[in-house]
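Read the structure below first, then the notes.
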Amino acid sequence: MAETEPKKALKNEKVGEVVSTKMQKTIVVEVSRRVPHPLYKRIIGKRKKFYAHDEEGRANLGDVVRIIECRPLSKLKRWRLADIMRRAPQVGAQPKDLDVKV
């Protein structure tokens, strides 16, 4: 019995923290994971940065986001922003706190 619908491949997803939003429509997401060292079996932390497409510029520095794999969008971008899981706290300084004459 042949299946009529083609199987849709599941795309890779990663969760990480936004470390840069300095480019237009691009964010840099750092994904951290904990793995055992192959020889010494001690748990070590590994980090990797991914360039992700953010069309509306919704993500801010420090946000925890979910990114999904997609077709190559540029030389380095192969991921796109899926959703923002947790917003970073925004610290707003008042002019009186900065000793600025208004």
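In the structure tokens, chains take letters A, B, ... by order of appearance, with residues numbered from 1 within each chain and ligands from 1 in the order shown.
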> Leaving out segment 69-77 of chain A and any residue of its chain fewer than 3 positions from it, which residues lie within 12 Å of it when counting only C-alpha atoms, given as a VMD selection string?
Replying inline: chain A and resid 9 to 15 25 to 29 49 to 55 66 80 to 82
>> What parts of segment 9-98 of chain A does DSSP call strand (DSSP E)? I'd like the answer as a ChimeraX atom specification.
In response: /A:13-23,26-36,43-53,64-69,79-86
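Residues within 8 Å of Val18 of chain A, counting only C-alpha atoms and excluding same-chain residues fewer than 3 positions away, are Thr21, Ile27, Val28, Val29, Glu30, Ala59, Asn60, Leu61, Gly62, Asp63, Val64 and Val65 of chain A.
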>> Can you measure atom CA of Val35 of chain A to atom CA of Arg47 of chain A for me? One decimal in Å is fine.
In response: 10.6 Å
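As for atom CA of Glu17 of chain A and atom CA of Pro36 of chain A, they are spaced 22.0 Å apart.
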